[in-house]
Structures are given as C-alpha cells and as structure tokens.
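Trainee: Can you keep this structure in mind? I'll have questions shortly.
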Amino acid sequence: MPHLEHDRLVFLALGETTADAAESGHLVDCPSCRTELETLRHVSRLGAQTQDLADLPEPPEHVWQRIVSELDAAAAPAEPSAPPAPAPAPVAVRPRRRARRWAPVVTALAAAVAGVVGTVTVVRLVSPAQPEADVVASAALAAFGDAPADAGGQARVFDDGRLHLHVSGLPRAAGYYQVWLIDPDTMQMFPVGTLADAADVLMPLPTNVDLDAYRLVDVSAEEYDNDPTHSGQSLLRGTLSG
Amino acid sequence: MAMSRVSGDTDDGHRDGRAPAPRGSVTDDQLLAQRFAAGDEKALRQVYDRYGRAVLHLAASTLATRADAEDVVQTTFVAAWLGRDAFDPARGSLLSWLLGIARRKVVDRIRALSREDRVTDSVRQATAAAPAVSPDPAQVVDRLVIADELAALPDEQRRMLELAFFDDLTHQQIAAVTGVPLGTVKSHIRRGMASLRRRWEVDGAASGARPTGLPGTR
C-alpha cells in the first residue's frame, strides 16, 4: 500500500476516524508515515490542552516594579563595594548619581500614549568612541585565567569620564560579560557595566572614580545566578596608566 | 487566545480579520524580538506585557507558592534583559527563549527549596528529593508555545482548529456549523496543523531545551 495521504494522517491524528486494516498494516511497516502520524497526534493533543491558556492572569504590577528596581541596581555602581575614594583634587561635592535608566522609559510610554514624543535616555552607548575626546588613561587588556591566549583588548578612559573598551577573542560564555574596575591593593571593586557582543563599547564611569586606585580593568564571565558579586572568572585584565 | 496577546494591544492585526504577515516576512513578534535584542528598553516592557503571563503560568504550575512563581518571573526577565545578546532568533522564538530561561530558574528554585528543606526538616529528608507532584515543565512549555502559534494563525485556521481541538468536532461537523465548504475546512485545518507542527519542532521544549540560549545547546 502507498503512503497515507497527508490529509488522512491529519484526520487520524485528530481522532476523527480510525485507520482501516490496510492503513494499519502500512503504519506498522512504514516508519515515515508512523512518525508523521505520531508527531501530528502529539501536536493535536497539545492543541487540545491549550483551551485554558486563553485567559492567563497577568503578573501583578509589583513584579514589574521589582524587575525595574533590580535592573536599576544592576546599572548603578554596586552599593556594598566601598565607593571609590574621592579624587585628590578639590572638586565640588556632587551627590552621587543614581542611575535612573528606567524612569524615562515609563515617562516615554506615558508620553507616547498622549501622542507626545518622549525621549529615552540610553546609558549604554554602543557607538564608537568620539574622536574628539582626549584619552586620560589607557590599558592593554590581556587574556587572564582560562581565557584563550588570543583574547585581548584595549581600554581607554576619556576626559569626559567614559570608558571605552575594545575587545576581541572572548570565549563564548554561558551568561554575560561584566566589566569591573578593581583596586589591586585592596581588591575592592565595582562593576562598570556589561559587555555586549559588540567589539567596541563605551560606558560611563562614576564621576568621582579614583583611577589611580581603581586602575585594574577586569572583564569577567558572569552567570545569571542572581549573584551580583564577581564570579571569580576573569577573562581579560589590564592596568590603566595615564 | 489572549495569552500571548496584550489586551488592548492595538498593533495586533490578527484579531480583527487581517492575516498575519506571511512566513518569511517580519511579523510583529519578530520585530519586537529584534527591538528587544537591540536593547530597546521600551521593547522590554512590551515583551513583558506579551509574554509575562506565559512565564508566570509556567512558574506557577511548577512551583508550590505564588511568591516563588513571581520570583521566577522577576529573575527570568532580569536575566533575559541582561543576557539579551545571547538571544538568537535563528534558534527559536523569543517566547521559547524566555520559557527556556524560566525553566532553569524553576529548577534553581526547586533545588534551593529542597536544600532549605533538608536543613530545616531532617525528617522529610528522605522524601525531599522528590519535588511535590507538579506537571512536567517541558509539557507546559510545549502547550504555551502551541497556544502562542494557534493565536498567531489566520483567523479562519484558528477557528477551525479550535472547533476540532476544544469541541471535538469532525471536519463535516465543522463544515456544518460554520457553513464553510468541506474542502475549505480541510485545507484550513491542514495548513493550521502544519504551522503548529513546524512551530513545535522549532520551539518545543523536547526539540531543544535551550536553557538560556547558550550557544551550542541545541
């Protein structure tokens, strides 16, 4: 007997009818028709089980608020790590800027509803470094730990307080890459930002960072484990010098 | 199938009779996934509005308490946003990627809970290894993926399949109920089933439980 027609397999899978003797015989002998029927049966069983998924409850709003807070915290310099020592030169004491990445989004959505164009502040810049900014410190990044030997990169701090990273050869990581500034004397550190797949990333540094102390640039592999501290798996390191 | 569709989501053209974009072109869902992957913060909220309830359903049906389920929703979306670069649309839909992360978070939570159990309740230690009876997360993921695809089908295909699935009607009965010619009913059902089957093969939990979109996990 030839293969069963596809429409016939769909009929059988939906349970509208049962296979006759010839069809049953063919299904025993023919793995391809049998597999096809089993797959269609499975999908139709799943389909029949989707009825009560029609009106699933939304997560309560406080869950969203917690997501926003957690991302906010991830974007800000870590609180527990000692804040970088103030710069030696007398500078006006500025209140520490909390990252407010998310509030503008809400505002922008509200504005969009009202038909107004909202502006979203995006802290994470992926554009290449502006050529006009002056480099105040730089470091060659070399492979560290288990990173492949050809991994490497370059870190530059501009006079506008932003850190530019160029990286290459990073191993594929299960989670994401985190950039840190470390004081090698005390091993105190704070996270600067996460590294996307882009080879070039610009990230703002805290305005009062003391780069003489926090001079070690570190790129680590982090997992999504809810643990904001350094994983201990450094991939690249380099020491800034001006 | 409100599950994957935000109520009041005006960009959802499928509901008011317009066919979804044909396969091969960029659908609303794909566009949203692209904006999400590109780091568009507004897209995160939209992704949450669209898929948050599916993630909550997966967590709530596999974990004992509401608080644990909500925690999983939170950690899933935080991890997804921070790890959005790992999302690869070629490997499957954004929904299935999110559900893959959520499955991992559920497992983490169950492990953490059973550790706590062992510490606080040595009597239950012998039985703590087996988590409370709950549905297989992979099955839940598969149902959510199929529900999402069903919701995205052209109206007529979805309607015919719902009559077959939920009301257990035969092709003839569907033709009689809807007044649609039998041949048309057949072709709607055939095409709808083909879409569901394709989506299940690409996105189903069994076909590639890609926990966090890790490279090489498929």
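A note on labels: chains of the structure tokens are A, B, ... as shown, every chain counts residues from 1, and ligands are counted from 1 in their shown order.
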Return the neighbours of chain B among the residues of chain A, cut-off 7 Å, counting only C-alpha atoms, as an mmCIF file with C-alpha atoms, in the first residue's frame.
Mentor:
data_model
loop_
_atom_site.group_PDB
_atom_site.id
_atom_site.type_symbol
_atom_site.label_atom_id
_atom_site.label_comp_id
_atom_site.auth_asym_id
_atom_site.auth_seq_id
_atom_site.Cartn_x
_atom_site.Cartn_y
_atom_site.Cartn_z
ATOM 1 C CA ASP A 7 -4.978 14.828 4.911
ATOM 2 C CA VAL A 10 -4.391 14.709 9.943
ATOM 3 C CA GLU A 16 -11.930 11.699 13.747
ATOM 4 C CA LEU A 40 0.626 15.176 14.364
ATOM 5 C CA VAL A 43 0.674 18.364 18.348
ATOM 6 C CA LEU A 46 -1.075 19.758 22.872
ATOM 7 C CA GLY A 47 -3.522 21.879 20.904
ATOM 8 C CA ALA A 48 -6.442 20.387 22.801
ATOM 9 C CA GLN A 49 -4.704 21.297 26.055
ATOM 10 C CA THR A 50 -4.399 24.982 25.242
ATOM 11 C CA GLN A 51 -8.004 25.891 25.933
ATOM 12 C CA LEU A 53 -4.385 29.081 28.413
ATOM 13 C CA ALA A 54 -6.664 31.583 26.718
ATOM 14 C CA ASP A 55 -7.034 33.942 29.631
ATOM 15 C CA LEU A 56 -3.989 33.568 31.782
ATOM 16 C CA PRO A 57 -3.680 36.138 34.545
ATOM 17 C CA GLU A 58 -1.109 38.846 34.124
ATOM 18 C CA PRO A 59 1.692 39.030 36.652
ATOM 19 C CA VAL A 63 6.634 42.059 39.808
ATOM 20 C CA ARG A 66 10.859 44.622 41.123
ATOM 21 C CA ILE A 67 12.291 43.902 37.684
ATOM 22 C CA LEU A 71 17.839 46.366 36.608
ATOM 23 C CA VAL A 105 11.012 54.701 29.857
ATOM 24 C CA ALA A 174 27.153 30.861 29.236
ATOM 25 C CA GLY A 175 25.968 34.120 30.746
ATOM 26 C CA TYR A 176 27.295 37.583 30.063
ATOM 27 C CA ALA A 196 27.528 43.104 24.670
ATOM 28 C CA ASP A 197 28.674 41.169 21.651
ATOM 29 C CA TYR A 224 22.555 34.538 35.574
#
Trainee: Got a sec: who's within 9 Å of range 30-37 of chain A, counting only C-alpha atoms, leaving out chain neighbours fewer than 3 positions off, as a VMD selection string?
Mentor: chain A and resid 3 to 4 6 9 to 10 12 to 13 25 to 27 40 to 42
Trainee: Keeping C-alpha atoms, export the residues of the selection given above as a tab-separated table (two decimals), in the first residue's frame.
Mentor:
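Saved to part_29.tsv:
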chain	number	residue	atom	x	y	z
A	3	HIS	CA	1.96	6.13	1.84
A	4	LEU	CA	-1.07	7.58	3.56
A	6	HIS	CA	-1.34	13.80	4.49
A	9	LEU	CA	-2.94	11.46	8.61
A	10	VAL	CA	-4.39	14.71	9.94
A	12	LEU	CA	-6.32	10.15	12.11
A	13	ALA	CA	-4.28	12.44	14.35
A	25	GLY	CA	-0.70	-2.52	8.13
A	26	HIS	CA	1.10	0.25	6.29
A	27	LEU	CA	1.67	2.20	9.50
A	40	LEU	CA	0.63	15.18	14.36
A	41	ARG	CA	-1.08	13.32	17.21
A	42	HIS	CA	1.22	14.88	19.74
Trainee: What is the CA of Ala74 in chain A to CA of Leu99 in chain B distance in Å?
Mentor: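 Rounded to one decimal, the two atoms are 22.5 Å apart.
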Trainee: Of the residues B:Met160, B:Leu94, B:Ser195, B:Arg103, which is the one nearest to Gly179 in chain B, using only C-alpha atoms?
Mentor: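 Among B:Met160, B:Leu94, B:Ser195, B:Arg103, it is B:Met160 that comes nearest to Gly179 in chain B.
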Trainee: Could you work out how far CA of Gly192 in chain B lies from CA of Ala176 in chain B, giving the answer in Å with one decimal?
Mentor: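 CA of Gly192 in chain B lies 19.2 Å from CA of Ala176 in chain B.
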Trainee: May I ask for the distance between CA of Ala173 in chain A and CA of Ala221 in chain A, given in Å to one decimal place?
Mentor: 6.3 Å
Trainee: Considering only helix (DSSP H, G or I) as DSSP defines it on the backbone, what residues of range 60-185 of chain B qualify? List them as an NGL selection string.
Mentor: :B and (60-62 or 66-82 or 84-86 or 89-91 or 94-120 or 122-128 or 137-152 or 155-166 or 171-178 or 182-185)
Trainee: Do you know which residues are at most 8 Å from range 179-186 of chain A counting only C-alpha atoms, after dropping those on the same chain fewer than 2 positions away, and could you put them as a PyMOL selection string?
Mentor: chain A and resi 177+188-195+213-220
Trainee: With N, CA and C atoms retained, export the selected residues as a short mmCIF file (atom, residue, chain, number, x, y, z; two decimals), in the first residue's frame.
Mentor:
data_model
loop_
_atom_site.label_atom_id
_atom_site.label_comp_id
_atom_site.auth_asym_id
_atom_site.auth_seq_id
_atom_site.Cartn_x
_atom_site.Cartn_y
_atom_site.Cartn_z
N TYR A 177 29.19 39.08 29.98
CA TYR A 177 30.47 39.62 30.42
C TYR A 177 30.23 40.87 31.25
N GLN A 188 39.27 45.74 46.24
CA GLN A 188 37.90 46.25 46.20
C GLN A 188 37.58 46.55 44.74
N MET A 189 36.33 46.41 44.41
CA MET A 189 35.96 46.57 43.00
C MET A 189 34.54 47.04 42.86
N PHE A 190 34.26 47.58 41.71
CA PHE A 190 32.86 47.87 41.41
C PHE A 190 32.61 47.58 39.93
N PRO A 191 31.38 47.17 39.62
CA PRO A 191 31.05 46.86 38.24
C PRO A 191 30.80 48.13 37.44
N VAL A 192 31.29 48.17 36.24
CA VAL A 192 31.11 49.35 35.39
C VAL A 192 29.94 49.15 34.43
N GLY A 193 29.80 47.94 33.97
CA GLY A 193 28.72 47.68 33.02
C GLY A 193 28.90 46.31 32.42
N THR A 194 27.94 45.95 31.59
CA THR A 194 28.05 44.65 30.94
C THR A 194 28.48 44.86 29.50
N LEU A 195 29.09 43.85 28.98
CA LEU A 195 29.67 43.92 27.65
C LEU A 195 28.79 43.14 26.70
N ALA A 213 43.68 54.46 42.07
CA ALA A 213 43.46 53.28 42.91
C ALA A 213 42.75 52.19 42.09
N TYR A 214 41.61 52.54 41.52
CA TYR A 214 40.85 51.56 40.75
C TYR A 214 41.41 51.52 39.33
N ARG A 215 42.59 50.97 39.21
CA ARG A 215 43.30 51.06 37.93
C ARG A 215 43.29 49.75 37.15
N LEU A 216 42.80 48.70 37.79
CA LEU A 216 42.80 47.42 37.11
C LEU A 216 41.45 47.21 36.42
N VAL A 217 41.51 47.11 35.08
CA VAL A 217 40.29 46.84 34.31
C VAL A 217 40.15 45.33 34.18
N ASP A 218 38.96 44.83 34.49
CA ASP A 218 38.75 43.38 34.53
C ASP A 218 37.45 43.07 33.79
N VAL A 219 37.50 42.08 32.92
CA VAL A 219 36.30 41.60 32.24
C VAL A 219 36.06 40.17 32.70
N SER A 220 34.90 39.94 33.31
CA SER A 220 34.63 38.60 33.85
C SER A 220 33.45 37.96 33.15
#
